[in-house]
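Asker: Provided below: protein.txt, containing compact mmCIF, C-alpha atoms and all ligand atoms.
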# COMPACT_ATOMS: atom_id res chain seq x y z
CA GLN A 1 74.25 7.75 1.85
CA SER A 2 74.97 4.31 0.40
CA GLU A 3 78.69 5.15 0.32
CA ILE A 4 78.55 5.86 4.07
CA ARG A 5 76.73 2.60 4.67
CA ARG A 6 79.32 0.74 2.63
CA LYS A 7 82.19 2.24 4.66
CA LEU A 8 80.45 1.43 7.94
CA LEU A 9 79.86 -2.20 6.99
CA ALA A 10 83.43 -2.48 5.66
CA ALA A 11 84.74 -1.36 9.08
CA PHE A 12 82.68 -4.04 10.82
CA SER A 13 83.80 -6.64 8.27
CA GLU A 14 87.40 -5.78 8.95
CA ALA A 15 86.85 -6.08 12.71
CA ASP A 16 85.54 -9.59 12.03
CA GLY A 17 83.06 -9.74 14.89
CA GLY A 18 85.19 -7.51 17.13
CA TYR A 19 84.54 -3.97 18.37
CA VAL A 20 84.84 -0.82 16.29
CA SER A 21 85.12 2.33 18.38
CA GLY A 22 82.69 5.20 17.93
CA GLN A 23 85.71 7.46 17.47
CA LYS A 24 86.98 5.34 14.58
CA ILE A 25 83.57 5.24 12.94
CA SER A 26 83.14 8.99 13.14
CA GLU A 27 86.60 9.48 11.59
CA LEU A 28 85.92 6.96 8.82
CA LEU A 29 82.58 8.43 7.90
CA GLY A 30 83.62 12.01 8.54
CA CYS A 31 80.62 12.63 10.76
CA SER A 32 79.85 13.51 14.38
CA ARG A 33 79.45 10.97 17.20
CA THR A 34 75.72 11.71 17.22
CA ALA A 35 75.50 10.86 13.53
CA VAL A 36 77.34 7.60 14.20
CA TRP A 37 74.65 6.66 16.68
CA LYS A 38 71.99 7.36 14.04
CA HIS A 39 73.69 5.06 11.55
CA ILE A 40 73.88 2.32 14.17
CA GLU A 41 70.17 2.74 14.96
CA GLU A 42 69.38 2.37 11.26
CA LEU A 43 71.25 -0.93 11.15
CA ARG A 44 69.28 -2.07 14.21
CA LYS A 45 65.98 -1.20 12.53
CA GLU A 46 66.99 -3.47 9.66
CA GLY A 47 67.43 -6.41 12.01
CA PHE A 48 71.14 -6.25 12.84
CA VAL A 49 71.83 -6.99 16.50
CA LEU A 50 74.59 -4.65 17.74
CA GLU A 51 76.23 -4.56 21.11
CA ALA A 52 77.54 -1.25 22.45
CA VAL A 53 80.17 -1.30 25.18
CA ARG A 54 81.66 1.79 26.81
CA ARG A 55 85.24 2.54 25.75
CA LYS A 56 85.19 -0.36 23.28
CA GLY A 57 82.58 0.69 20.78
CA TYR A 58 80.14 -1.30 18.70
CA ARG A 59 80.11 -4.92 17.65
CA ILE A 60 77.77 -6.80 15.28
CA VAL A 61 76.43 -9.80 17.17
CA LYS A 62 73.95 -11.03 14.59
CA THR A 63 73.08 -10.16 11.02
CA PRO A 64 69.48 -10.48 9.85
CA GLU A 65 68.47 -13.36 7.59
CA LYS A 66 67.90 -10.96 4.75
CA ILE A 67 69.54 -10.50 1.39
CA THR A 68 69.46 -6.76 0.95
CA ALA A 69 72.66 -5.08 -0.23
CA ASN A 70 73.78 -4.59 3.41
CA GLU A 71 73.83 -8.26 4.36
CA ILE A 72 75.48 -9.29 1.12
CA GLN A 73 78.15 -6.60 1.28
CA LEU A 74 79.07 -7.18 4.92
CA GLY A 75 82.17 -9.35 4.61
CA LEU A 76 82.06 -9.73 0.82
CA GLN A 77 85.57 -10.13 -0.56
CA THR A 78 85.34 -9.31 -4.23
CA ASP A 79 86.68 -6.51 -6.42
CA PHE A 80 83.84 -6.07 -8.87
CA ILE A 81 81.36 -8.96 -8.78
CA GLY A 82 78.50 -7.89 -6.51
CA GLN A 83 80.03 -4.53 -5.62
CA ASN A 84 76.95 -2.89 -7.11
CA ILE A 85 73.80 -4.55 -5.74
CA VAL A 86 70.21 -3.81 -6.70
CA TYR A 87 67.73 -5.43 -4.29
CA TYR A 88 63.96 -5.92 -4.55
CA ASP A 89 61.53 -7.34 -1.99
CA THR A 90 59.45 -8.64 -4.84
CA VAL A 91 59.94 -8.51 -8.56
CA ASP A 92 58.62 -10.11 -11.72
CA SER A 93 62.00 -11.58 -12.74
CA THR A 94 65.52 -10.46 -11.83
CA GLN A 95 66.50 -11.36 -15.40
CA LYS A 96 64.15 -8.72 -16.77
CA ILE A 97 65.53 -6.05 -14.44
CA ALA A 98 69.12 -7.03 -15.24
CA HIS A 99 68.48 -6.68 -18.99
CA GLU A 100 67.00 -3.23 -18.43
CA LEU A 101 69.92 -2.12 -16.23
CA SER A 102 72.41 -3.55 -18.68
CA GLN A 103 70.89 -1.54 -21.52
CA LYS A 104 71.22 1.57 -19.39
CA GLY A 105 74.94 0.83 -19.01
CA ALA A 106 75.13 -0.81 -15.56
CA GLU A 107 78.68 -1.72 -14.59
CA GLU A 108 80.04 -5.25 -15.01
CA GLY A 109 79.41 -7.39 -11.97
CA THR A 110 76.14 -5.65 -11.05
CA LEU A 111 73.97 -8.04 -9.05
CA VAL A 112 70.18 -7.93 -9.11
CA VAL A 113 68.67 -9.90 -6.25
CA ALA A 114 65.11 -10.40 -5.04
CA ASP A 115 63.45 -11.94 -1.99
CA GLU A 116 60.58 -13.14 -4.20
CA GLN A 117 59.87 -13.45 -7.94
CA THR A 118 56.33 -13.50 -9.27
CA GLY A 119 57.38 -14.36 -12.83
CA GLY A 120 60.61 -16.34 -12.35
CA ARG A 121 61.51 -18.24 -15.49
CA GLY A 122 63.63 -21.14 -16.61
CA ARG A 123 64.77 -22.11 -20.10
CA MET A 124 62.25 -22.07 -22.95
CA ALA A 125 59.76 -19.98 -21.00
CA ARG A 126 59.33 -22.59 -18.26
CA VAL A 127 58.28 -21.44 -14.81
CA TRP A 128 60.87 -21.10 -12.05
CA TYR A 129 59.20 -21.34 -8.66
CA SER A 130 60.57 -18.46 -6.52
CA PRO A 131 58.68 -18.10 -3.23
CA LYS A 132 59.29 -15.31 -0.73
CA GLY A 133 62.01 -15.35 1.90
CA THR A 134 63.41 -18.83 1.37
CA GLY A 135 65.55 -18.80 -1.74
CA ILE A 136 68.12 -16.83 -3.69
CA TRP A 137 66.84 -15.37 -6.94
CA MET A 138 69.56 -13.32 -8.61
CA SER A 139 71.08 -12.17 -11.90
CA ILE A 140 74.60 -10.98 -12.69
CA ILE A 141 75.49 -8.60 -15.52
CA LEU A 142 78.73 -9.45 -17.35
CA ARG A 143 80.44 -7.78 -20.28
CA PRO A 144 83.04 -10.30 -21.43
CA ASN A 145 84.98 -9.68 -24.60
CA ILE A 146 84.40 -13.15 -26.09
CA PRO A 147 82.86 -14.44 -29.32
CA LEU A 148 79.21 -15.41 -29.28
CA GLN A 149 79.76 -19.16 -29.59
CA LYS A 150 81.79 -19.23 -26.38
CA THR A 151 79.08 -17.82 -24.13
CA PRO A 152 77.74 -21.28 -23.07
CA GLN A 153 81.07 -21.68 -21.28
CA LEU A 154 79.87 -19.06 -18.82
CA THR A 155 76.99 -21.32 -17.75
CA LEU A 156 79.53 -24.05 -17.00
CA LEU A 157 81.78 -21.60 -15.15
CA THR A 158 78.81 -20.47 -13.06
CA ALA A 159 78.04 -24.09 -12.19
CA VAL A 160 81.61 -24.62 -10.97
CA ALA A 161 81.44 -21.50 -8.79
CA LEU A 162 78.06 -22.60 -7.38
CA VAL A 163 79.33 -26.06 -6.43
CA GLU A 164 82.33 -24.55 -4.65
CA GLY A 165 80.44 -21.66 -3.05
CA ILE A 166 77.68 -23.89 -1.69
CA GLU A 167 80.23 -26.40 -0.45
CA GLU A 168 82.19 -23.69 1.35
CA ALA A 169 79.08 -22.18 2.97
CA THR A 170 77.34 -25.43 3.95
CA GLY A 171 79.73 -28.38 3.83
CA LEU A 172 77.40 -30.15 1.36
CA SER A 173 78.86 -31.60 -1.85
CA PRO A 174 76.71 -30.58 -4.81
CA THR A 175 77.14 -32.06 -8.28
CA ILE A 176 76.53 -30.67 -11.76
CA LYS A 177 74.06 -32.04 -14.25
CA TRP A 178 74.76 -30.68 -17.74
CA PRO A 179 74.08 -28.02 -18.73
CA ASN A 180 72.50 -25.94 -16.03
CA ASP A 181 71.40 -27.88 -12.96
CA ILE A 182 73.11 -28.25 -9.62
CA LEU A 183 71.96 -31.27 -7.67
CA ILE A 184 72.30 -32.12 -4.01
CA ASN A 185 71.94 -35.82 -3.25
CA GLY A 186 70.54 -36.29 -6.76
CA LYS A 187 67.83 -33.63 -6.62
CA LYS A 188 67.73 -30.19 -8.21
CA ALA A 189 68.57 -27.39 -5.79
CA VAL A 190 69.80 -24.79 -8.28
CA GLY A 191 69.00 -23.73 -11.83
CA ILE A 192 71.02 -21.44 -14.11
CA LEU A 193 69.68 -19.40 -17.00
CA THR A 194 72.17 -17.65 -19.30
CA GLU A 195 70.85 -14.97 -21.63
CA LEU A 196 72.63 -12.69 -24.09
CA GLU A 197 72.44 -9.29 -25.59
CA ALA A 198 74.37 -9.47 -28.82
CA GLU A 199 74.50 -8.04 -32.29
CA ALA A 200 76.08 -9.91 -35.20
CA ASP A 201 79.06 -11.56 -33.49
CA GLN A 202 79.47 -8.86 -30.85
CA VAL A 203 78.44 -9.73 -27.28
CA HIS A 204 77.13 -6.65 -25.46
CA SER A 205 76.32 -8.39 -22.25
CA VAL A 206 75.63 -11.76 -20.71
CA ILE A 207 73.00 -12.00 -18.00
CA ILE A 208 73.44 -14.99 -15.73
CA GLY A 209 70.31 -15.87 -13.76
CA ILE A 210 70.61 -18.17 -10.77
CA GLY A 211 67.89 -19.66 -8.60
CA ILE A 212 68.93 -21.46 -5.40
CA ASN A 213 66.48 -23.24 -3.09
CA VAL A 214 67.85 -22.50 0.37
CA ASN A 215 65.41 -22.69 3.27
CA GLN A 216 62.28 -24.34 1.86
CA GLN A 217 60.90 -27.48 3.47
CA ILE A 218 59.69 -30.26 1.21
CA ASP A 219 55.98 -29.51 1.65
CA GLU A 220 56.58 -25.94 0.48
CA PHE A 221 57.39 -27.12 -3.05
CA PRO A 222 54.54 -27.35 -5.53
CA GLU A 223 53.39 -30.90 -6.20
CA ALA A 224 54.84 -30.89 -9.72
CA ILE A 225 58.45 -30.68 -8.52
CA ARG A 226 58.24 -32.31 -5.07
CA ASN A 227 59.97 -35.48 -6.27
CA THR A 228 62.71 -33.79 -8.26
CA ALA A 229 63.54 -30.65 -6.27
CA THR A 230 65.32 -30.09 -2.99
CA SER A 231 66.71 -27.25 -0.89
CA ILE A 232 69.91 -26.73 1.04
CA ALA A 233 67.99 -26.79 4.36
CA ILE A 234 66.36 -30.12 3.50
CA GLU A 235 69.72 -31.71 2.69
CA LYS A 236 71.62 -30.07 5.51
CA GLY A 237 68.91 -30.52 8.13
CA GLU A 238 69.11 -26.89 9.23
CA LYS A 239 68.48 -23.42 7.88
CA ILE A 240 71.33 -21.39 6.44
CA HIS A 241 71.85 -17.63 6.02
CA ARG A 242 71.22 -16.90 2.36
CA ALA A 243 73.65 -13.97 2.37
CA LEU A 244 76.55 -16.28 3.27
CA ILE A 245 75.84 -18.52 0.29
CA ILE A 246 75.63 -15.50 -2.03
CA GLN A 247 78.98 -14.19 -0.74
CA LYS A 248 80.82 -17.48 -1.08
CA PHE A 249 79.39 -17.94 -4.57
CA LEU A 250 80.31 -14.40 -5.69
CA GLU A 251 83.87 -14.87 -4.45
CA ARG A 252 84.32 -18.17 -6.32
CA PHE A 253 82.63 -16.71 -9.36
CA GLU A 254 84.95 -13.70 -9.51
CA LYS A 255 87.98 -15.95 -9.13
CA TRP A 256 86.99 -18.28 -12.00
CA TYR A 257 85.66 -15.52 -14.23
CA THR A 258 88.96 -13.63 -13.95
CA THR A 259 90.92 -16.84 -14.56
CA TYR A 260 88.71 -17.58 -17.57
CA LEU A 261 89.27 -14.16 -19.15
CA GLU A 262 93.04 -14.49 -18.67
CA HIS A 263 93.67 -18.16 -19.39
CA GLY A 264 90.64 -19.45 -21.26
CA PHE A 265 88.27 -22.33 -20.61
CA LYS A 266 90.74 -25.18 -19.90
CA PRO A 267 91.01 -24.81 -16.11
CA ILE A 268 87.23 -24.43 -15.78
CA LYS A 269 86.60 -27.45 -18.01
CA LEU A 270 88.69 -29.71 -15.77
CA LEU A 271 86.87 -28.60 -12.64
CA TRP A 272 83.51 -28.87 -14.32
CA GLU A 273 84.21 -32.46 -15.34
CA SER A 274 85.31 -33.34 -11.83
CA TYR A 275 82.02 -32.04 -10.36
CA SER A 276 79.78 -33.55 -13.02
CA ILE A 277 77.60 -36.57 -12.30
CA SER A 278 76.68 -37.43 -15.86
CA LEU A 279 80.10 -38.31 -17.26
CA ASN A 280 80.82 -41.90 -18.31
CA LYS A 281 77.19 -42.82 -17.72
CA THR A 282 74.51 -43.71 -20.21
CA ILE A 283 72.14 -40.81 -20.54
CA HIS A 284 69.08 -39.76 -22.54
CA ALA A 285 69.37 -36.25 -23.92
CA ARG A 286 66.00 -34.88 -25.01
CA THR A 287 66.61 -32.18 -27.63
CA LEU A 288 64.13 -30.25 -29.73
CA SER A 289 64.97 -32.51 -32.68
CA GLY A 290 64.75 -35.84 -30.86
CA THR A 291 66.40 -37.90 -28.13
CA VAL A 292 70.07 -38.89 -28.20
CA VAL A 293 70.98 -41.95 -26.14
CA GLY A 294 74.56 -42.85 -25.30
CA LYS A 295 77.50 -42.45 -23.00
CA ALA A 296 78.36 -38.92 -21.90
CA LEU A 297 82.06 -38.46 -22.65
CA GLY A 298 82.64 -34.86 -21.64
CA ILE A 299 82.22 -31.33 -22.90
CA ASN A 300 84.02 -29.63 -25.76
CA GLU A 301 85.49 -26.12 -25.95
CA GLU A 302 82.09 -24.68 -26.84
CA GLY A 303 80.44 -26.23 -23.82
CA ALA A 304 78.54 -28.81 -25.88
CA LEU A 305 78.00 -32.25 -24.35
CA LEU A 306 79.68 -35.11 -26.26
CA ILE A 307 77.64 -38.30 -26.35
CA GLU A 308 78.88 -41.59 -27.79
CA THR A 309 75.99 -43.56 -29.26
CA SER A 310 75.85 -47.37 -29.37
CA GLU A 311 76.99 -47.22 -33.02
CA GLY A 312 80.15 -45.50 -31.83
CA LYS A 313 79.22 -42.14 -33.30
CA ILE A 314 79.98 -39.01 -31.27
CA GLU A 315 77.11 -36.55 -31.15
CA LYS A 316 77.46 -32.97 -29.97
CA VAL A 317 74.49 -31.74 -27.98
CA TYR A 318 74.12 -28.00 -27.45
CA SER A 319 70.82 -27.82 -25.61
CA ALA A 320 68.76 -30.58 -24.03
CA ASP A 321 67.17 -32.00 -20.92
CA ILE A 322 69.07 -34.95 -19.53
CA ASP A 323 67.63 -38.09 -17.97
CA ILE A 324 70.16 -40.29 -16.25
C1 LIG A 401 66.43 -23.52 -15.01
O1 LIG A 401 65.62 -23.74 -16.08
O2 LIG A 401 66.79 -24.37 -14.23
C2 LIG A 401 66.89 -22.07 -14.84
C3 LIG A 401 66.28 -21.42 -13.63
C4 LIG A 401 66.81 -20.02 -13.44
C5 LIG A 401 66.08 -19.27 -12.36
C6 LIG A 401 66.69 -17.94 -12.06
S1 LIG A 401 66.06 -17.22 -10.61
C7 LIG A 401 66.81 -15.71 -10.95
C8 LIG A 401 66.67 -15.50 -12.44
N1 LIG A 401 65.43 -14.84 -12.76
C9 LIG A 401 64.60 -15.64 -13.46
O3 LIG A 401 63.46 -15.31 -13.85
N2 LIG A 401 65.20 -16.81 -13.69
C10 LIG A 401 66.54 -16.86 -13.12
P1 LIG A 401 65.19 -25.17 -16.63
O4 LIG A 401 66.36 -26.04 -16.81
O5 LIG A 401 64.34 -24.86 -17.82
O6 LIG A 401 64.33 -25.81 -15.47
C11 LIG A 401 63.01 -25.38 -15.22
C12 LIG A 401 62.28 -26.57 -14.58
O7 LIG A 401 62.77 -26.79 -13.24
C13 LIG A 401 60.79 -26.33 -14.42
O8 LIG A 401 60.10 -26.73 -15.58
C14 LIG A 401 60.44 -27.19 -13.20
O9 LIG A 401 60.28 -28.55 -13.60
C15 LIG A 401 61.70 -27.14 -12.36
N3 LIG A 401 61.62 -26.11 -11.30
C16 LIG A 401 60.91 -24.95 -11.27
N4 LIG A 401 61.14 -24.27 -10.15
C17 LIG A 401 62.02 -24.99 -9.43
C18 LIG A 401 62.66 -24.82 -8.16
N5 LIG A 401 62.47 -23.73 -7.40
N6 LIG A 401 63.50 -25.80 -7.75
C19 LIG A 401 63.74 -26.90 -8.48
N7 LIG A 401 63.16 -27.12 -9.68
C20 LIG A 401 62.31 -26.18 -10.16
Could you write out this structure as structure tokens?
Ligand code: BT5

Answerer:
Amino acid sequence: QSEIRRKLLAAFSEADGGYVSGQKISELLGCSRTAVWKHIEELRKEGFVLEAVRRKGYRIVKTPEKITANEIQLGLQTDFIGQNIVYYDTVDSTQKIAHELSQKGAEEGTLVVADEQTGGRGRMARVWYSPKGTGIWMSIILRPNIPLQKTPQLTLLTAVALVEGIEEATGLSPTIKWPNDILINGKKAVGILTELEAEADQVHSVIIGIGINVNQQIDEFPEAIRNTATSIAIEKGEKIHRALIIQKFLERFEKWYTTYLEHGFKPIKLLWESYSISLNKTIHARTLSGTVVGKALGINEEGALLIETSEGKIEKVYSADIDI
């Protein structure tokens, strides 16, 4: 059933807003013309607006503002990232589901996405606010063959893909705040949470969790984050289809992930530094063992932030919250 749906949506993607004839659909799916009509009706029930014209066929006029597998896969141009999508209306945390699927052997690139999270989390068990219908709450399962100490690089790679994907979908110019925040006009619109399943030095899987505020208005944020958080709609001044942002991100992500596996971290590092707002500024890095104050110089191969203190010493910071 899902294979049929995938073929049908692929045909519409290829037509790029144009007509696909009923004849062609029935050949593609290997079913009767009556069955074609049933598939079209199912799409309509899900909120797709389809136009049917005699002798021309069917055309998708409007896709629903939903993020089920259908909307994400329609027009998605990737080979393996997001080709397997697991969608939930509501879920505790997509991270939790992704870990479970990963342990059951889910394929690399599997995407878990939810319309709402009731137990969304950030780093160190902090809460990630994930209300229904307005954001993107998703986790990607990766199985890179890299040593454990290199996995923080994947957080940085994800940040690069998010900046580019959001820019492509919206025209906004996000920036990166080390290690895991994406800001728009100085406020946090996106958070990244990278988690591992590893044994000794062997990485079994990396689960990348991403939360993107898309269509919230400012008064929809809880008081505690109203001054620090923003959404794409607030900054853009209009609502955006979440599925488009997911697609553009997945495409950039696959490109940089493939490049990374073939050529290493160098190309990603350069891009990351060009999108970063913290570099060459004096920052306060609050770590578990105290605060480091100094000028942010860049990141090293391991993804650590290099900070030059006033005594001229260079400190490597692996995990912290940054105040600029
Ligand atoms: C993060 O943590 O920024 C990582 C957030 C990752 C969320 C995704 S959603 C899909 C997947 N499933 C999950 O359960 N999680 C991942 P951190 O750097 O620790 O920042 C957390 C802090 O950001 C909180 O303490 C709040 O101050 C703030 N915050 C919470 N919700 C926010 C939101 N929606 N927008 C902006 N800031 C928020």

Asker: Do you know which residues are at most 8 Å from Lys236 of chain A counting only C-alpha atoms, after dropping those on the same chain fewer than 3 positions away, and could you put them as a ChimeraX atom specification?

Answerer: /A:170,172,232-233,239

Asker: Write out as a PyMOL selection string each polymer residue whose atoms come within 12 Å of segment 7-24 of chain A, counting all atoms listed in the file; drop sequence neighbours fewer than 6 positions from it.

Answerer: chain A and resi 1+30-40+42-43+48-63+69-77+83

Asker: Give me, as a tab-separated table, each residue of chain A that comes within 7 Å of ligand LIG 401 (chain A), together with its shortest interatomic pair and the distance in Å at one decimal, counting all atoms listed in the file, with rows ordered by chain and rising residue number.

Answerer:
residue	atom	partner	partner_atom	distance
A:Ser93	CA	A:LIG401	O3	4.2
A:Thr94	CA	A:LIG401	N1	4.5
A:Gln95	CA	A:LIG401	N1	4.5
A:Gly119	CA	A:LIG401	O3	6.2
A:Gly120	CA	A:LIG401	O3	3.4
A:Arg121	CA	A:LIG401	O3	3.9
A:Gly122	CA	A:LIG401	O1	3.3
A:Arg123	CA	A:LIG401	O5	3.6
A:Met124	CA	A:LIG401	O5	6.2
A:Arg126	CA	A:LIG401	O8	5.0
A:Val127	CA	A:LIG401	C13	5.5
A:Trp128	CA	A:LIG401	N4	3.7
A:Tyr129	CA	A:LIG401	N4	3.8
A:Ser130	CA	A:LIG401	N5	5.7
A:Trp137	CA	A:LIG401	C7	4.0
A:Met138	CA	A:LIG401	C7	4.3
A:Ser139	CA	A:LIG401	C8	5.6
A:Asn180	CA	A:LIG401	O2	6.2
A:Asp181	CA	A:LIG401	O2	5.9
A:Lys188	CA	A:LIG401	C19	5.2
A:Ala189	CA	A:LIG401	C19	5.6
A:Val190	CA	A:LIG401	N6	6.4
A:Gly191	CA	A:LIG401	O2	3.3
A:Ile192	CA	A:LIG401	C2	4.2
A:Leu193	CA	A:LIG401	C2	4.4
A:Gly209	CA	A:LIG401	C8	3.9
A:Ile210	CA	A:LIG401	C6	4.1
A:Gly211	CA	A:LIG401	S1	3.7
A:Asn213	CA	A:LIG401	N5	5.9
A:Ile225	CA	A:LIG401	O9	5.8
A:Thr228	CA	A:LIG401	N7	6.8
A:Ala229	CA	A:LIG401	C19	4.4
A:Thr230	CA	A:LIG401	C19	6.5

Asker: Pick out the residues sitting within 9 Å of Ile146 of chain A, and hand them over as a compact mmCIF listing (two decimals) with C-alpha atoms, keeping the file's coordinate frame; count only C-alpha atoms, and ignore anything fewer than 6 positions along from it in its own chain.

Answerer:
# COMPACT_ATOMS: atom_id res chain seq x y z
CA GLN A 202 79.47 -8.86 -30.85
CA VAL A 203 78.44 -9.73 -27.28
CA LEU A 261 89.27 -14.16 -19.15

Asker: Could you tell me which of A:Ser276, A:Asn215, A:Ser319, A:Asn300 comes closest to Ile245 of chain A if we count all atoms listed in the file?

Answerer: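 Smallest separation from Ile245 of chain A among the options: A:Asn215.
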
Asker: Which is closest to Lys269 of chain A among A:Ser289, A:Gln217, A:Thr194, A:Thr155, if we use all atoms listed in the file?

Answerer: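 For Lys269 of chain A, the nearest of the given residues is A:Thr155.
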
Asker: With only C-alpha atoms as the counted atoms, please give the residues lying no more than 9 Å from Trp256 of chain A, apart from itself and same-chain residues fewer than 5 positions off, as an NGL selection string.

Answerer: :A and (157-158 or 160-161 or 251 or 261 or 267-268)

Asker: Provide an axis-aligned box for all listed atoms of segment 308-315 of chain A, padding each side by 5 Å; report its centre and its edge lengths in Å to one decimal, as JSON.

Answerer:
{"center_x": 78.0, "center_y": -42.0, "center_z": -30.5, "size_x": 14.3, "size_y": 20.8, "size_z": 15.5}
